[in-house]
Amino acid sequence: MIRRRELWVLPWLPAAVLRAQGAEAVRGRVAGDMKLRLADGRVVALSGDTDSTGVLRDERLAREEFELRGRFTAPDSFSIDPIHLRAIFVWRGGKKFVVTYWCDVCAIRAWTPGKCQCCQDEMALDLRDPALKET
Ligand SMILES: [Zn+2]
């Protein structure tokens, strides 16, 4: 009985969950401060938390193709999901990578550019396969 009921419920579930997490995504290149030019030429204004903004302003990523998860708040405005949801990716050579930052000395990973919380050295950009574990 229970099993049959789950079958009824399940088809609804993934869509609802994705919706709650911000299922939409945009893909394009940075075109000015907190602006993304999509493949079709449209320019979308981006908003996000401080850490996400830090990534999009990172000079080392200025020429990358970004994929951002979040949701449209207007036809030309896109709100990026909070940094802890891992909403920022770049595409290189047909592969998608998560944008992370890494301190080799302390083995500390971060999600926004800046100094290592431990040794205070500037952290290195470290694009990672999304399938890898976070540490
Ligand atoms: Zn360090």
# chains A, B, ... in the order shown; residues from 1 in each chain; ligands from 1

call {"tool": "select_by_dssp", "arguments": {"residues": "region 2-135 of chain A", "states": "strand (DSSP E or B)", "output": "PyMOL selection string"}}
result
chain A and resi 24-30+35-38+43-47+65-74+77-80+88-92+95-103+108-110+115+122+124-128

call {"tool": "write_last_selection", "arguments": {"atoms": "N, CA and C atoms", "output": "compact mmCIF listing (two decimals), in the first residue's frame"}}
result
# COMPACT_ATOMS: atom_id res chain seq x y z
N GLU A 24 16.45 27.41 -12.34
CA GLU A 24 16.86 28.08 -13.56
C GLU A 24 18.36 28.27 -13.59
N ALA A 25 18.88 28.41 -14.80
CA ALA A 25 20.31 28.66 -14.95
C ALA A 25 20.53 29.55 -16.16
N VAL A 26 21.58 30.33 -16.09
CA VAL A 26 21.99 31.13 -17.25
C VAL A 26 23.43 30.78 -17.57
N ARG A 27 23.76 30.93 -18.86
CA ARG A 27 25.10 30.60 -19.30
C ARG A 27 25.57 31.72 -20.21
N GLY A 28 26.77 32.22 -19.95
CA GLY A 28 27.28 33.29 -20.79
C GLY A 28 28.58 33.84 -20.23
N ARG A 29 28.98 34.97 -20.81
CA ARG A 29 30.25 35.57 -20.41
C ARG A 29 30.02 36.92 -19.75
N VAL A 30 30.93 37.27 -18.85
CA VAL A 30 30.82 38.54 -18.15
C VAL A 30 30.90 39.69 -19.16
N LYS A 35 27.24 41.72 -14.89
CA LYS A 35 26.38 41.54 -16.06
C LYS A 35 26.88 40.34 -16.84
N LEU A 36 25.93 39.60 -17.40
CA LEU A 36 26.28 38.40 -18.16
C LEU A 36 25.64 38.50 -19.55
N ARG A 37 26.47 38.25 -20.57
CA ARG A 37 25.93 38.22 -21.93
C ARG A 37 25.63 36.77 -22.29
N LEU A 38 24.37 36.48 -22.57
CA LEU A 38 23.96 35.12 -22.89
C LEU A 38 24.30 34.80 -24.35
N VAL A 43 21.78 40.72 -22.53
CA VAL A 43 22.61 40.98 -21.36
C VAL A 43 21.70 41.01 -20.13
N VAL A 44 22.10 40.22 -19.14
CA VAL A 44 21.29 40.06 -17.93
C VAL A 44 22.06 40.66 -16.75
N ALA A 45 21.37 41.47 -15.97
CA ALA A 45 21.98 42.01 -14.75
C ALA A 45 21.95 40.95 -13.66
N LEU A 46 23.07 40.77 -12.98
CA LEU A 46 23.18 39.73 -11.97
C LEU A 46 23.12 40.31 -10.58
N SER A 47 22.52 39.56 -9.67
CA SER A 47 22.62 39.92 -8.26
C SER A 47 22.92 38.65 -7.49
N GLU A 65 33.44 31.16 -19.64
CA GLU A 65 32.00 31.02 -19.85
C GLU A 65 31.39 30.50 -18.55
N PHE A 66 30.55 31.30 -17.96
CA PHE A 66 29.92 30.96 -16.68
C PHE A 66 28.59 30.24 -16.88
N GLU A 67 28.29 29.38 -15.93
CA GLU A 67 26.92 28.90 -15.77
C GLU A 67 26.51 29.23 -14.34
N LEU A 68 25.41 29.93 -14.19
CA LEU A 68 24.96 30.37 -12.88
C LEU A 68 23.58 29.81 -12.61
N ARG A 69 23.40 29.28 -11.42
CA ARG A 69 22.07 28.80 -11.04
C ARG A 69 21.39 29.84 -10.16
N GLY A 70 20.11 29.93 -10.30
CA GLY A 70 19.34 30.89 -9.51
C GLY A 70 17.99 31.06 -10.14
N ARG A 71 17.53 32.30 -10.21
CA ARG A 71 16.22 32.52 -10.85
C ARG A 71 16.14 33.93 -11.41
N PHE A 72 15.34 34.06 -12.44
CA PHE A 72 15.07 35.37 -13.01
C PHE A 72 14.12 36.12 -12.10
N THR A 73 14.45 37.35 -11.78
CA THR A 73 13.55 38.20 -11.00
C THR A 73 12.84 39.19 -11.93
N ALA A 74 13.34 39.31 -13.15
CA ALA A 74 12.74 40.11 -14.22
C ALA A 74 13.34 39.55 -15.50
N SER A 77 16.96 40.42 -15.36
CA SER A 77 17.64 40.37 -14.06
C SER A 77 17.64 38.94 -13.53
N PHE A 78 18.81 38.52 -13.09
CA PHE A 78 18.96 37.15 -12.61
C PHE A 78 19.59 37.17 -11.23
N SER A 79 18.96 36.48 -10.31
CA SER A 79 19.45 36.40 -8.94
C SER A 79 20.16 35.06 -8.74
N ILE A 80 21.44 35.11 -8.41
CA ILE A 80 22.23 33.88 -8.23
C ILE A 80 21.92 33.26 -6.87
N ILE A 88 27.78 28.51 -8.93
CA ILE A 88 28.64 29.14 -9.93
C ILE A 88 29.58 28.10 -10.55
N PHE A 89 29.48 27.99 -11.88
CA PHE A 89 30.31 27.05 -12.62
C PHE A 89 30.96 27.76 -13.81
N VAL A 90 32.03 27.18 -14.33
CA VAL A 90 32.54 27.63 -15.62
C VAL A 90 32.65 26.42 -16.55
N TRP A 91 32.52 26.72 -17.84
CA TRP A 91 32.65 25.68 -18.87
C TRP A 91 33.98 25.87 -19.57
N ARG A 92 34.73 24.77 -19.64
CA ARG A 92 36.00 24.78 -20.37
C ARG A 92 36.10 23.50 -21.16
N LYS A 95 33.50 20.85 -20.68
CA LYS A 95 33.32 20.30 -19.33
C LYS A 95 32.94 21.40 -18.36
N LYS A 96 32.12 21.01 -17.40
CA LYS A 96 31.67 21.97 -16.39
C LYS A 96 32.49 21.81 -15.12
N PHE A 97 32.91 22.94 -14.58
CA PHE A 97 33.70 22.93 -13.35
C PHE A 97 33.05 23.83 -12.30
N VAL A 98 33.21 23.44 -11.04
CA VAL A 98 32.81 24.32 -9.94
C VAL A 98 33.97 25.27 -9.67
N VAL A 99 33.63 26.52 -9.42
CA VAL A 99 34.68 27.50 -9.10
C VAL A 99 34.99 27.41 -7.61
N THR A 100 36.23 27.08 -7.30
CA THR A 100 36.66 27.08 -5.89
C THR A 100 38.03 27.74 -5.79
N TYR A 101 38.45 27.98 -4.57
CA TYR A 101 39.75 28.57 -4.30
C TYR A 101 40.43 27.69 -3.26
N TRP A 102 41.75 27.59 -3.40
CA TRP A 102 42.46 26.58 -2.63
C TRP A 102 43.77 27.13 -2.11
N CYS A 103 44.06 26.86 -0.84
CA CYS A 103 45.37 27.17 -0.28
C CYS A 103 46.13 25.86 -0.13
N ILE A 108 43.17 24.32 2.56
CA ILE A 108 41.86 24.91 2.86
C ILE A 108 41.20 25.33 1.55
N ARG A 109 39.92 25.00 1.43
CA ARG A 109 39.16 25.38 0.25
C ARG A 109 38.17 26.49 0.59
N ALA A 110 37.98 27.39 -0.36
CA ALA A 110 37.00 28.46 -0.17
C ALA A 110 36.21 28.63 -1.45
N LYS A 115 42.00 36.09 0.82
CA LYS A 115 43.15 35.54 1.53
C LYS A 115 42.73 34.30 2.31
N GLU A 122 47.17 34.81 -0.55
CA GLU A 122 46.09 34.84 -1.53
C GLU A 122 45.81 33.40 -1.97
N ALA A 124 44.58 30.33 -4.38
CA ALA A 124 44.67 30.06 -5.82
C ALA A 124 43.31 29.63 -6.36
N LEU A 125 43.04 30.05 -7.59
CA LEU A 125 41.83 29.59 -8.26
C LEU A 125 41.96 28.09 -8.53
N ASP A 126 40.92 27.34 -8.24
CA ASP A 126 40.97 25.89 -8.41
C ASP A 126 39.63 25.41 -8.97
N LEU A 127 39.56 25.25 -10.28
CA LEU A 127 38.34 24.76 -10.91
C LEU A 127 38.26 23.26 -10.72
N ARG A 128 37.12 22.79 -10.23
CA ARG A 128 37.00 21.38 -9.88
C ARG A 128 35.84 20.69 -10.56

call {"tool": "residues_near_ligand", "arguments": {"ligand": "ligand 1", "cutoff": "7 Å", "atoms": "only C-alpha atoms and all ligand atoms", "output": "PyMOL selection string"}}
result
chain A and resi 103-108+116-121

call {"tool": "write_last_selection", "arguments": {"atoms": "N, CA and C atoms", "output": "compact mmCIF listing (two decimals), in the first residue's frame"}}
result
# COMPACT_ATOMS: atom_id res chain seq x y z
N CYS A 103 44.06 26.86 -0.84
CA CYS A 103 45.37 27.17 -0.28
C CYS A 103 46.13 25.86 -0.13
N ASP A 104 47.21 25.76 -0.89
CA ASP A 104 48.02 24.55 -0.92
C ASP A 104 48.74 24.31 0.40
N VAL A 105 49.13 25.39 1.03
CA VAL A 105 49.90 25.28 2.27
C VAL A 105 49.03 24.72 3.40
N CYS A 106 47.83 25.25 3.50
CA CYS A 106 46.96 24.88 4.62
C CYS A 106 45.92 23.83 4.23
N ALA A 107 45.85 23.50 2.92
CA ALA A 107 44.82 22.57 2.43
C ALA A 107 43.42 23.05 2.83
N ILE A 108 43.17 24.32 2.56
CA ILE A 108 41.86 24.91 2.86
C ILE A 108 41.20 25.33 1.55
N CYS A 116 43.68 33.39 2.44
CA CYS A 116 43.45 32.18 3.22
C CYS A 116 43.20 32.57 4.68
N GLN A 117 42.16 31.97 5.25
CA GLN A 117 41.81 32.31 6.64
C GLN A 117 42.89 31.88 7.62
N CYS A 118 43.77 30.98 7.17
CA CYS A 118 44.82 30.45 8.06
C CYS A 118 46.13 31.22 7.89
N CYS A 119 46.74 31.16 6.68
CA CYS A 119 48.08 31.75 6.51
C CYS A 119 48.03 33.15 5.91
N GLN A 120 46.85 33.60 5.48
CA GLN A 120 46.66 34.95 4.93
C GLN A 120 47.29 35.16 3.56
N ASP A 121 47.74 34.07 2.94
CA ASP A 121 48.19 34.17 1.55
C ASP A 121 46.97 34.23 0.63

call {"tool": "closest_residue", "arguments": {"among": "A:Met123, A:Ala39, A:Met34, A:Ala131", "to": "Ala62 (chain A)", "atoms": "only C-alpha atoms"}}
result
A:Met34

call {"tool": "atom_distance", "arguments": {"atom1": "CA of Lys133 (chain A)", "atom2": "CA of Arg86 (chain A)"}}
result
12.5 Å

call {"tool": "residues_around", "arguments": {"residues": "Pro82 (chain A)", "least_positions_apart": "3", "cutoff": "7 Å", "atoms": "only C-alpha atoms", "output": "list of chain:residue names"}}
result
A:Gly48, A:Asp49, A:Leu85

call {"tool": "write_last_selection", "arguments": {"atoms": "C-alpha atoms", "output": "compact mmCIF listing (two decimals), in the first residue's frame"}}
result
# COMPACT_ATOMS: atom_id res chain seq x y z
CA GLY A 48 23.91 37.66 -5.54
CA ASP A 49 25.53 37.51 -2.14
CA LEU A 85 24.31 26.03 -2.80

call {"tool": "closest_residue", "arguments": {"among": "A:Arg57, A:Pro75, A:Gly114, A:Gly93", "to": "Ala31 (chain A)", "atoms": "only C-alpha atoms"}}
result
A:Arg57

call {"tool": "select_by_dssp", "arguments": {"residues": "region 30-76 of chain A", "states": "alpha helix (DSSP H)", "output": "list in words"}}
result
Thr50, Asp51, Ser52, Thr53, Gly54, Val55 and Leu56 of chain A

call {"tool": "write_last_selection", "arguments": {"atoms": "N, CA and C atoms", "output": "PDB file, in the first residue's frame"}}
result
ATOM      1  N   THR A  50      27.600  38.474  -1.320  1.00  0.00           N
ATOM      2  CA  THR A  50      28.935  39.064  -1.439  1.00  0.00           C
ATOM      3  C   THR A  50      29.944  38.074  -2.003  1.00  0.00           C
ATOM      4  N   ASP A  51      29.860  36.832  -1.560  1.00  0.00           N
ATOM      5  CA  ASP A  51      30.819  35.828  -2.022  1.00  0.00           C
ATOM      6  C   ASP A  51      30.638  35.532  -3.512  1.00  0.00           C
ATOM      7  N   SER A  52      29.391  35.456  -3.964  1.00  0.00           N
ATOM      8  CA  SER A  52      29.132  35.221  -5.386  1.00  0.00           C
ATOM      9  C   SER A  52      29.628  36.399  -6.224  1.00  0.00           C
ATOM     10  N   THR A  53      29.371  37.596  -5.738  1.00  0.00           N
ATOM     11  CA  THR A  53      29.831  38.798  -6.423  1.00  0.00           C
ATOM     12  C   THR A  53      31.356  38.776  -6.543  1.00  0.00           C
ATOM     13  N   GLY A  54      32.028  38.341  -5.495  1.00  0.00           N
ATOM     14  CA  GLY A  54      33.485  38.240  -5.506  1.00  0.00           C
ATOM     15  C   GLY A  54      33.986  37.333  -6.615  1.00  0.00           C
ATOM     16  N   VAL A  55      33.311  36.228  -6.823  1.00  0.00           N
ATOM     17  CA  VAL A  55      33.716  35.292  -7.881  1.00  0.00           C
ATOM     18  C   VAL A  55      33.537  35.936  -9.254  1.00  0.00           C
ATOM     19  N   LEU A  56      32.402  36.585  -9.463  1.00  0.00           N
ATOM     20  CA  LEU A  56      32.113  37.167 -10.777  1.00  0.00           C
ATOM     21  C   LEU A  56      33.021  38.351 -11.096  1.00  0.00           C
TER      22      LEU A  56
END
